[in-house]
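Student: Contents of run38.cif (mmCIF, C-alpha atoms):
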```cif
data_work
loop_
_atom_site.label_atom_id
_atom_site.label_comp_id
_atom_site.auth_asym_id
_atom_site.auth_seq_id
_atom_site.Cartn_x
_atom_site.Cartn_y
_atom_site.Cartn_z
CA MET A 629 30.84 -32.90 -46.76
CA ALA A 630 30.66 -33.60 -43.04
CA VAL A 631 28.71 -31.09 -40.96
CA VAL A 632 30.78 -29.97 -37.98
CA PHE A 633 28.57 -27.14 -36.72
CA GLU A 634 24.92 -26.26 -37.26
CA ARG A 635 22.03 -24.49 -35.62
CA PRO A 636 20.47 -26.60 -32.85
CA LYS A 637 17.04 -27.92 -33.80
CA ALA A 638 15.59 -26.53 -30.55
CA LEU A 639 16.63 -23.00 -31.62
CA LEU A 640 14.38 -21.44 -34.26
CA ASP A 641 15.88 -19.98 -37.44
CA VAL A 642 14.74 -16.40 -36.79
CA PRO A 643 16.51 -13.08 -36.17
CA THR A 644 16.77 -12.05 -32.53
CA HIS A 645 16.27 -8.59 -31.06
CA TYR A 646 19.46 -8.57 -28.98
CA CYS A 647 22.08 -5.84 -29.30
CA PRO A 648 25.30 -6.48 -31.25
CA GLY A 649 27.79 -8.30 -29.04
CA CYS A 650 25.21 -9.40 -26.48
CA THR A 651 25.93 -12.92 -25.25
CA HIS A 652 22.27 -13.90 -24.86
CA GLY A 653 22.54 -15.49 -28.30
CA ILE A 654 25.36 -17.77 -27.19
CA ILE A 655 23.48 -18.77 -24.06
CA HIS A 656 20.32 -19.46 -26.06
CA ARG A 657 22.32 -21.75 -28.31
CA LEU A 658 23.76 -23.66 -25.35
CA VAL A 659 20.30 -24.18 -23.86
CA ALA A 660 19.03 -25.43 -27.22
CA GLU A 661 22.04 -27.72 -27.66
CA ALA A 662 21.38 -29.28 -24.26
CA ILE A 663 17.74 -29.87 -25.22
CA ASP A 664 18.84 -31.47 -28.50
CA THR A 665 21.49 -33.65 -26.88
CA LEU A 666 19.08 -34.96 -24.27
CA GLY A 667 16.29 -35.43 -26.81
CA ILE A 668 13.72 -33.62 -24.67
CA GLU A 669 12.31 -30.91 -26.95
CA ASP A 670 8.88 -32.53 -27.13
CA LYS A 671 8.49 -32.47 -23.35
CA THR A 672 10.34 -29.27 -22.45
CA VAL A 673 8.56 -26.09 -21.35
CA GLY A 674 10.54 -22.89 -20.95
CA VAL A 675 9.46 -19.89 -18.88
CA ALA A 676 10.40 -16.51 -20.36
CA PRO A 677 11.10 -13.54 -18.06
CA VAL A 678 10.52 -9.82 -18.22
CA GLY A 679 13.78 -8.22 -19.27
CA CYS A 680 16.08 -8.46 -22.27
CA ALA A 681 14.97 -12.08 -22.84
CA VAL A 682 11.26 -11.24 -22.66
CA MET A 683 10.78 -12.55 -26.21
CA ALA A 684 12.62 -15.83 -25.66
CA TYR A 685 9.38 -17.58 -26.61
CA ASP A 686 10.09 -16.51 -30.22
CA TYR A 687 13.47 -18.23 -30.29
CA PHE A 688 13.07 -21.71 -28.80
CA ALA A 689 11.25 -24.54 -30.59
CA CYS A 690 9.94 -26.05 -27.36
CA ASP A 691 6.76 -24.89 -25.62
CA MET A 692 7.19 -21.57 -23.82
CA VAL A 693 5.20 -19.65 -21.20
CA GLU A 694 5.58 -15.93 -20.46
CA ALA A 695 5.73 -15.07 -16.75
CA ALA A 696 5.03 -11.77 -15.04
CA HIS A 697 8.11 -9.88 -13.92
CA GLY A 698 10.07 -11.96 -11.41
CA ARG A 699 7.53 -14.76 -11.20
CA ALA A 700 9.23 -17.29 -13.47
CA PRO A 701 10.21 -19.71 -10.64
CA ALA A 702 6.63 -19.62 -9.31
CA VAL A 703 5.25 -20.32 -12.79
CA ALA A 704 7.84 -23.07 -13.27
CA THR A 705 6.82 -24.59 -9.93
CA GLY A 706 3.19 -24.75 -11.02
CA LEU A 707 4.13 -26.23 -14.39
CA LYS A 708 6.39 -28.88 -12.86
CA ARG A 709 3.89 -29.91 -10.21
CA SER A 710 1.08 -30.22 -12.75
CA LEU A 711 3.31 -31.78 -15.44
CA PRO A 712 5.84 -33.80 -13.42
CA ASP A 713 7.09 -35.74 -16.46
CA ASN A 714 7.95 -32.57 -18.37
CA VAL A 715 11.26 -30.71 -18.21
CA ILE A 716 10.74 -27.13 -17.02
CA PHE A 717 13.32 -24.37 -17.21
CA THR A 718 13.36 -20.64 -16.55
CA TYR A 719 15.59 -18.18 -18.39
CA GLN A 720 16.06 -15.00 -16.34
CA GLY A 721 18.18 -11.88 -15.99
CA ASP A 722 19.48 -10.28 -12.83
CA GLY A 723 16.60 -7.82 -12.45
CA ASP A 724 13.97 -10.49 -12.96
CA LEU A 725 15.63 -13.13 -10.76
CA ALA A 726 17.55 -11.16 -8.13
CA ALA A 727 15.40 -8.05 -7.63
CA ILE A 728 11.64 -8.29 -8.09
CA GLY A 729 11.86 -12.09 -8.20
CA THR A 730 14.13 -12.68 -5.21
CA ALA A 731 11.39 -14.23 -3.07
CA GLU A 732 10.24 -16.58 -5.84
CA THR A 733 13.83 -17.64 -6.49
CA VAL A 734 14.76 -18.24 -2.87
CA HIS A 735 11.59 -20.08 -1.92
CA SER A 736 11.51 -22.34 -5.00
CA ALA A 737 15.14 -23.15 -4.24
CA THR A 738 14.64 -23.87 -0.54
CA ARG A 739 11.66 -26.10 -1.38
CA GLY A 740 13.92 -28.05 -3.70
CA GLU A 741 11.59 -27.67 -6.67
CA ASN A 742 12.80 -29.99 -9.44
CA ILE A 743 13.32 -27.25 -12.03
CA THR A 744 16.25 -25.83 -13.98
CA VAL A 745 17.09 -22.13 -13.75
CA ILE A 746 19.32 -20.35 -16.29
CA PHE A 747 20.37 -17.02 -14.76
CA VAL A 748 22.07 -14.37 -16.92
CA ASN A 749 24.09 -11.88 -14.85
CA ASN A 750 25.29 -8.80 -16.77
CA ALA A 751 25.44 -6.48 -13.73
CA ILE A 752 22.96 -3.97 -15.13
CA TYR A 753 19.32 -3.49 -16.16
CA GLY A 754 19.62 -3.94 -19.91
CA MET A 755 16.09 -3.65 -21.27
CA THR A 756 15.11 -0.49 -19.41
CA GLY A 757 18.19 1.57 -20.23
CA GLY A 758 21.09 0.64 -17.99
CA GLN A 759 20.04 1.32 -14.40
CA MET A 760 21.78 -0.21 -11.38
CA ALA A 761 20.90 -3.86 -10.82
CA PRO A 762 21.24 -5.98 -7.66
CA THR A 763 24.37 -7.40 -9.29
CA SER A 764 25.98 -4.07 -10.28
CA LEU A 765 29.51 -3.88 -8.91
CA PRO A 766 30.72 -1.48 -6.20
CA GLY A 767 31.70 1.72 -7.96
CA GLN A 768 30.03 0.71 -11.23
CA VAL A 769 28.66 3.64 -13.22
CA THR A 770 25.06 3.17 -14.40
CA GLN A 771 22.20 5.47 -15.37
CA THR A 772 21.07 5.62 -11.74
CA THR A 773 24.57 5.64 -10.23
CA PRO A 774 26.40 8.24 -12.36
CA TYR A 775 29.14 8.52 -9.74
CA GLY A 776 29.40 4.77 -9.25
CA ARG A 777 27.51 2.41 -6.97
CA ASP A 778 28.00 3.59 -3.40
CA VAL A 779 27.73 0.62 -1.08
CA LYS A 780 26.99 2.93 1.85
CA THR A 781 23.63 3.82 0.35
CA ALA A 782 22.94 1.09 -2.23
CA GLY A 783 24.44 -1.87 -0.41
CA TYR A 784 26.57 -4.60 -1.91
CA PRO A 785 25.85 -6.73 -4.98
CA VAL A 786 23.96 -9.98 -4.53
CA ARG A 787 26.04 -13.10 -5.19
CA VAL A 788 23.26 -15.46 -6.21
CA CYS A 789 25.13 -18.78 -6.40
CA GLU A 790 26.80 -18.19 -3.05
CA MET A 791 23.48 -17.30 -1.44
CA LEU A 792 21.48 -20.20 -2.89
CA SER A 793 24.22 -22.73 -2.15
CA THR A 794 23.44 -22.32 1.57
CA LEU A 795 19.90 -23.65 1.08
CA SER A 796 19.26 -27.34 1.72
CA GLY A 797 16.84 -27.62 -1.21
CA VAL A 798 19.43 -26.70 -3.82
CA ALA A 799 20.98 -29.67 -5.60
CA TYR A 800 23.31 -27.84 -7.98
CA ALA A 801 24.60 -24.28 -8.36
CA GLU A 802 27.37 -23.33 -10.76
CA ARG A 803 28.64 -20.02 -12.16
CA VAL A 804 30.02 -19.97 -15.70
CA THR A 805 30.69 -17.42 -18.45
CA VAL A 806 30.87 -17.39 -22.25
CA ASP A 807 33.72 -15.00 -23.05
CA THR A 808 36.04 -17.61 -24.62
CA PRO A 809 35.58 -20.91 -26.47
CA ALA A 810 36.85 -22.82 -23.43
CA HIS A 811 34.38 -21.07 -21.15
CA VAL A 812 31.58 -21.67 -23.66
CA ARG A 813 32.30 -25.41 -23.50
CA GLN A 814 32.24 -25.32 -19.70
CA ALA A 815 28.95 -23.41 -19.75
CA LYS A 816 27.44 -25.95 -22.14
CA ALA A 817 28.42 -28.81 -19.83
CA ALA A 818 26.93 -27.02 -16.81
CA ILE A 819 23.63 -26.29 -18.56
CA GLN A 820 23.32 -29.86 -19.79
CA LYS A 821 24.03 -31.15 -16.28
CA ALA A 822 21.34 -28.87 -14.85
CA PHE A 823 18.80 -30.35 -17.28
CA GLN A 824 19.99 -33.90 -16.58
CA ASN A 825 19.58 -33.30 -12.85
CA GLN A 826 15.93 -32.51 -13.42
CA ILE A 827 15.43 -35.60 -15.56
CA ASP A 828 17.03 -37.63 -12.74
CA LYS A 829 14.76 -35.90 -10.18
CA LYS A 830 17.70 -34.44 -8.26
CA GLY A 831 16.02 -31.15 -7.36
CA PHE A 832 16.63 -27.44 -7.90
CA SER A 833 19.51 -26.60 -10.26
CA ILE A 834 20.76 -23.15 -11.23
CA VAL A 835 23.43 -22.13 -13.72
CA GLU A 836 24.51 -18.50 -13.46
CA VAL A 837 26.10 -17.16 -16.64
CA VAL A 838 28.23 -14.04 -16.22
CA SER A 839 27.39 -12.03 -19.32
CA SER A 840 28.22 -8.73 -21.00
CA CYS A 841 26.07 -5.74 -21.98
CA PRO A 842 28.09 -3.68 -24.48
CA THR A 843 25.29 -1.19 -25.18
CA ASN A 844 24.62 -0.17 -21.59
CA TRP A 845 28.22 -0.47 -20.51
CA GLY A 846 29.11 1.94 -23.33
CA LEU A 847 31.75 -0.39 -24.76
CA THR A 848 32.42 -2.30 -27.96
CA PRO A 849 31.69 -6.04 -27.83
CA ASN A 850 35.38 -6.89 -27.45
CA GLU A 851 35.91 -4.20 -24.83
CA ALA A 852 32.87 -5.49 -22.94
CA LEU A 853 34.28 -9.01 -22.77
CA GLN A 854 37.56 -7.64 -21.42
CA TRP A 855 35.68 -5.51 -18.87
CA LEU A 856 33.84 -8.67 -17.80
CA ARG A 857 37.16 -10.47 -17.26
CA ASP A 858 38.80 -7.57 -15.45
CA ASN A 859 35.88 -6.55 -13.23
CA MET A 860 33.07 -9.10 -13.03
CA LEU A 861 34.98 -12.35 -12.73
CA PRO A 862 37.03 -11.22 -9.71
CA TYR A 863 33.76 -10.35 -7.92
CA TYR A 864 31.81 -13.31 -9.30
CA PRO A 865 34.32 -16.19 -9.37
CA LEU A 866 33.48 -19.06 -11.68
CA GLY A 867 32.97 -22.55 -10.32
CA VAL A 868 30.65 -25.07 -8.75
CA TYR A 869 29.14 -23.68 -5.55
CA LYS A 870 27.05 -26.71 -4.68
CA ASP A 871 26.61 -30.16 -6.19
CA THR A 872 24.83 -32.88 -4.29
CA THR A 873 24.00 -34.82 -7.44
CA GLY A 874 27.22 -36.69 -8.15
CA GLY A 875 28.29 -37.63 -11.66
CA ASP A 876 30.28 -35.74 -14.25
CA LYS A 877 29.32 -32.76 -16.36
#
```
Take the structure I supplied and represent it as C-alpha cells, if you would.

Tutor:
Amino acid sequence: MAVVFERPKALLDVPTHYCPGCTHGIIHRLVAEAIDTLGIEDKTVGVAPVGCAVMAYDYFACDMVEAAHGRAPAVATGLKRSLPDNVIFTYQGDGDLAAIGTAETVHSATRGENITVIFVNNAIYGMTGGQMAPTSLPGQVTQTTPYGRDVKTAGYPVRVCEMLSTLSGVAYAERVTVDTPAHVRQAKAAIQKAFQNQIDKKGFSIVEVVSSCPTNWGLTPNEALQWLRDNMLPYYPLGVYKDTTGGDK
C-alpha cells in the first residue's frame, strides 16, 4: 500500500504538551517537513523560546538550543556566525519575539543575519495564563484587559511583518496561517522558502504564522479558528510583505 501521509522524520514520535486545538502542532510539522524536504536535519540547529514552545527541543530530531526569554535571535546569531555552514532557525511566540525580545528581533533583522525565524502570533500570552500580548487586538479581552484592550492606555498591537519589512537587512517576510488545508499548504511553502533562503545565503527571513489559542480565548478549537478568521486576519492580513530573494515558493 502506498504511503500518502506520514510523520516527518525531523519530528520526534512523542506526545506534546500543547492544549487541545492548539495549532503549534501543525506548525511544528511544517517546520519538520521543510527540514526533511531540504535534507538538512544533520546540519540544522533550532533555538527554542520561553513561552508555549519552551519544550520544542523535545519534539524536533535536529539539534536544539534553549534560549533565555526573548534572546533567541541573539543566540541564533551567535550560532550562525560560529557555524556558518549550519542552518539555524528560531521558533518564537509573540511574547518572546515581540515583547521582551523586540530589540533582539529588530537588530538581528536590520543586520541581515542569515537566519530563519518562525514567529507564532496568537494575540495572547498563552503559557502564563492569557495576559495581553503586544499582538492582542484593540478591544480584546484578556486576563489583564478584562474590559478589552484600550489603545489609549495600552497602545496598538505590533504588526511584526509590516515593521520588519521596512528594514534593509530583511530578505523575506511573509504572514501565513494554518486554519484551513489551503492555508496550511501556503504556510508550508513559506516556511520551506525561508529555510531555502538561508541555504542560499539570502539573509534574514521571517514567517509569521497567525495562530489560535482556544484555552486562553475561552473557545472550542473550531470556534477559535473562526474567531481567528473574523478578528485576527482583518488586522493581520496574510501575504508577502517583503521578498528580495526572487524565485518561487

Student: Going by the chain IDs and residue numbers used in this file, which residues fall under the PyMOL selection byres ((chain A and resi 765) around 7)? Write them as a PyMOL selection string.

Tutor: chain A and resi 751+763-764+766-768+777+785

Student: Would you mind telling me which residue in A:Leu725, A:Glu694, A:Asn750, A:Thr665 lies nearest to Lys821 of chain A when using all atoms listed in the file?

Tutor: A:Thr665

Student: What gap, in Å, lies between atom CA of Ala700 of chain A and atom CA of Thr718 of chain A?

Tutor: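 Separating atom CA of Ala700 of chain A from atom CA of Thr718 of chain A is a distance of 6.1 Å.
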
Student: Just the number, please: distance in Å from atom CA of Gln820 of chain A to atom CA of Thr733 of chain A, one decimal.

Tutor: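 Atom CA of Gln820 of chain A sits 20.4 Å away from atom CA of Thr733 of chain A.
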
Student: Please, what distance in Å, to one decimal, runs between atom CA of Ile743 of chain A and atom CA of Cys690 of chain A?

Tutor: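 Between atom CA of Ile743 of chain A and atom CA of Cys690 of chain A the gap is 15.7 Å.
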
Student: Can you list, as a VMD selection string, every protein, DNA or RNA residue that comes within 8 Å of segment 670-681 of chain A when you count only C-alpha atoms, leaving out same-chain residues fewer than 4 positions away?

Tutor: chain A and resid 646 652 663 685 690 to 700 703 to 704 713 to 721 723 to 724 753 to 756

Student: Pick from A:Val632, A:Val734, A:Val748, A:Ala638: nearest to Met791 of chain A, with only C-alpha atoms counted?

Tutor: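 Of A:Val632, A:Val734, A:Val748, A:Ala638, the one nearest Met791 of chain A is A:Val734, counting only C-alpha atoms.
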
Student: Set the distance at 6 Å and use only C-alpha atoms: which residues neighbour Gly740 of chain A once local chain neighbours fewer than 3 positions away are removed? I'd like the list as JSON, numbers by chain.

Tutor: {"A": [737, 797, 798, 831, 832]}

Student: Which residues match the PyMOL selection byres ((chain A and resi 825) around 12) in the file above, as a PyMOL selection string?

Tutor: chain A and resi 666+715-717+740-745+798-801+818-824+826-835+871-877

Student: Nearest to Phe747 of chain A: which of A:Ala815, A:Leu640, A:Ala731, A:Leu853 is it, counting all atoms listed in the file?

Tutor: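 So, comparing all the options, the nearest one is A:Ala815.
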
Student: Just checking: using all atoms listed in the file, which residue out of A:Pro701, A:Gly776, A:Gly667, A:Pro762 ends up closest to Pro636 of chain A?

Tutor: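 Closest to Pro636 of chain A, using all atoms listed in the file: A:Gly667.
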
Student: So, counting only C-alpha atoms, which residue among A:Val642, A:Ala727, A:Ile654, A:Met760 is closest to Trp845 of chain A?

Tutor: A:Met760

Student: From the set A:Cys650, A:Ala660, A:Cys789, A:Ala810, which residue has the shortest atom-to-atom contact distance to Thr848 of chain A, counting all atoms listed in the file?

Tutor: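 With all atoms listed in the file as the atom set, the closest residue is A:Cys650.
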
Student: Residues picked by the PyMOL selection byres ((chain A and resi 649) around 9) here, as a count of residues only?

Tutor: 15

Student: Using the file's own x, y and z axes, what box holds all listed atoms of segment 740-743 of chain A with 4 Å on each side, keeping edges along x, y and z, and what are its centre and edge lengths in Å to one decimal, as AutoDock Vina command-line options?

Tutor:
```
--center_x 12.8 --center_y -28.6 --center_z -7.9 --size_x 10.3 --size_y 10.7 --size_z 16.3
```

Student: Using all atoms listed in the file, I'd like a table of the residues in segment 718-819 of chain A that come within 9 Å of segment 864-867 of chain A; for each, show the closest atom pair and its distance in Å rounded to one decimal, ordered by chain and ascending number, as a Markdown table.

Tutor:
```
| residue | atom | partner | partner_atom | distance |
| --- | --- | --- | --- | --- |
| A:Arg787 | CA | A:Tyr864 | CA | 7.1 |
| A:Ala801 | CA | A:Gly867 | CA | 8.8 |
| A:Glu802 | CA | A:Gly867 | CA | 5.7 |
| A:Arg803 | CA | A:Leu866 | CA | 5.0 |
| A:Val804 | CA | A:Leu866 | CA | 5.4 |
| A:Thr805 | CA | A:Leu866 | CA | 7.5 |
```

Student: Keeping C-alpha atoms, export the residues of the selection given above as a PDB file, in the frame of the given file.

Tutor:
```
ATOM      1  CA  ARG A 787      26.040 -13.100  -5.190  1.00  0.00           C
ATOM      2  CA  ALA A 801      24.600 -24.280  -8.360  1.00  0.00           C
ATOM      3  CA  GLU A 802      27.370 -23.330 -10.760  1.00  0.00           C
ATOM      4  CA  ARG A 803      28.640 -20.020 -12.160  1.00  0.00           C
ATOM      5  CA  VAL A 804      30.020 -19.970 -15.700  1.00  0.00           C
ATOM      6  CA  THR A 805      30.690 -17.420 -18.450  1.00  0.00           C
TER       7      THR A 805
END
```

Student: Once you've located segment 788-846 of chain A in the structure I gave, write it as a CSV table (one decimal), in the first residue's frame, keeping C-alpha atoms.

Tutor:
```csv
chain,number,residue,atom,x,y,z
A,788,VAL,CA,5.7,42.5,13.1
A,789,CYS,CA,5.9,41.7,9.4
A,790,GLU,CA,5.0,45.2,8.4
A,791,MET,CA,7.6,46.7,10.8
A,792,LEU,CA,10.4,44.4,9.8
A,793,SER,CA,9.7,44.8,6.1
A,794,THR,CA,10.9,48.4,6.4
A,795,LEU,CA,14.4,47.2,7.4
A,796,SER,CA,17.1,46.9,4.7
A,797,GLY,CA,18.5,43.8,6.2
A,798,VAL,CA,15.4,41.7,5.8
A,799,ALA,CA,15.3,39.5,2.8
A,800,TYR,CA,11.9,37.9,3.2
A,801,ALA,CA,8.9,38.5,5.4
A,802,GLU,CA,5.6,36.7,5.0
A,803,ARG,CA,2.5,36.2,7.1
A,804,VAL,CA,0.5,33.0,6.8
A,805,THR,CA,-2.0,31.0,8.9
A,806,VAL,CA,-3.0,27.3,9.3
A,807,ASP,CA,-6.8,27.4,9.7
A,808,THR,CA,-7.6,25.5,6.5
A,809,PRO,CA,-5.9,22.9,4.3
A,810,ALA,CA,-5.2,25.5,1.7
A,811,HIS,CA,-3.6,27.9,4.2
A,812,VAL,CA,-1.6,25.0,5.6
A,813,ARG,CA,-0.1,24.4,2.2
A,814,GLN,CA,0.7,28.1,1.8
A,815,ALA,CA,2.4,28.1,5.2
A,816,LYS,CA,4.4,25.1,4.3
A,817,ALA,CA,5.7,26.7,1.1
A,818,ALA,CA,6.6,29.9,3.0
A,819,ILE,CA,8.5,28.0,5.7
A,820,GLN,CA,10.4,26.0,3.2
A,821,LYS,CA,11.3,29.2,1.3
A,822,ALA,CA,12.6,30.8,4.4
A,823,PHE,CA,14.9,27.8,5.0
A,824,GLN,CA,16.0,27.8,1.4
A,825,ASN,CA,16.8,31.5,1.6
A,826,GLN,CA,19.2,30.7,4.4
A,827,ILE,CA,20.8,27.9,2.4
A,828,ASP,CA,21.2,30.3,-0.5
A,829,LYS,CA,22.7,33.0,1.9
A,830,LYS,CA,20.0,35.5,1.1
A,831,GLY,CA,19.8,36.9,4.6
A,832,PHE,CA,17.2,37.3,7.4
A,833,SER,CA,13.8,35.5,6.7
A,834,ILE,CA,10.8,35.5,8.9
A,835,VAL,CA,7.5,33.7,8.6
A,836,GLU,CA,4.7,34.9,10.9
A,837,VAL,CA,2.0,32.3,11.5
A,838,VAL,CA,-1.3,33.6,12.7
A,839,SER,CA,-2.4,31.0,15.3
A,840,SER,CA,-5.2,30.3,17.7
A,841,CYS,CA,-5.3,29.8,21.5
A,842,PRO,CA,-8.6,28.0,22.3
A,843,THR,CA,-7.8,27.7,26.0
A,844,ASN,CA,-7.0,31.3,26.8
A,845,TRP,CA,-9.5,32.6,24.3
A,846,GLY,CA,-12.1,30.6,26.1
```
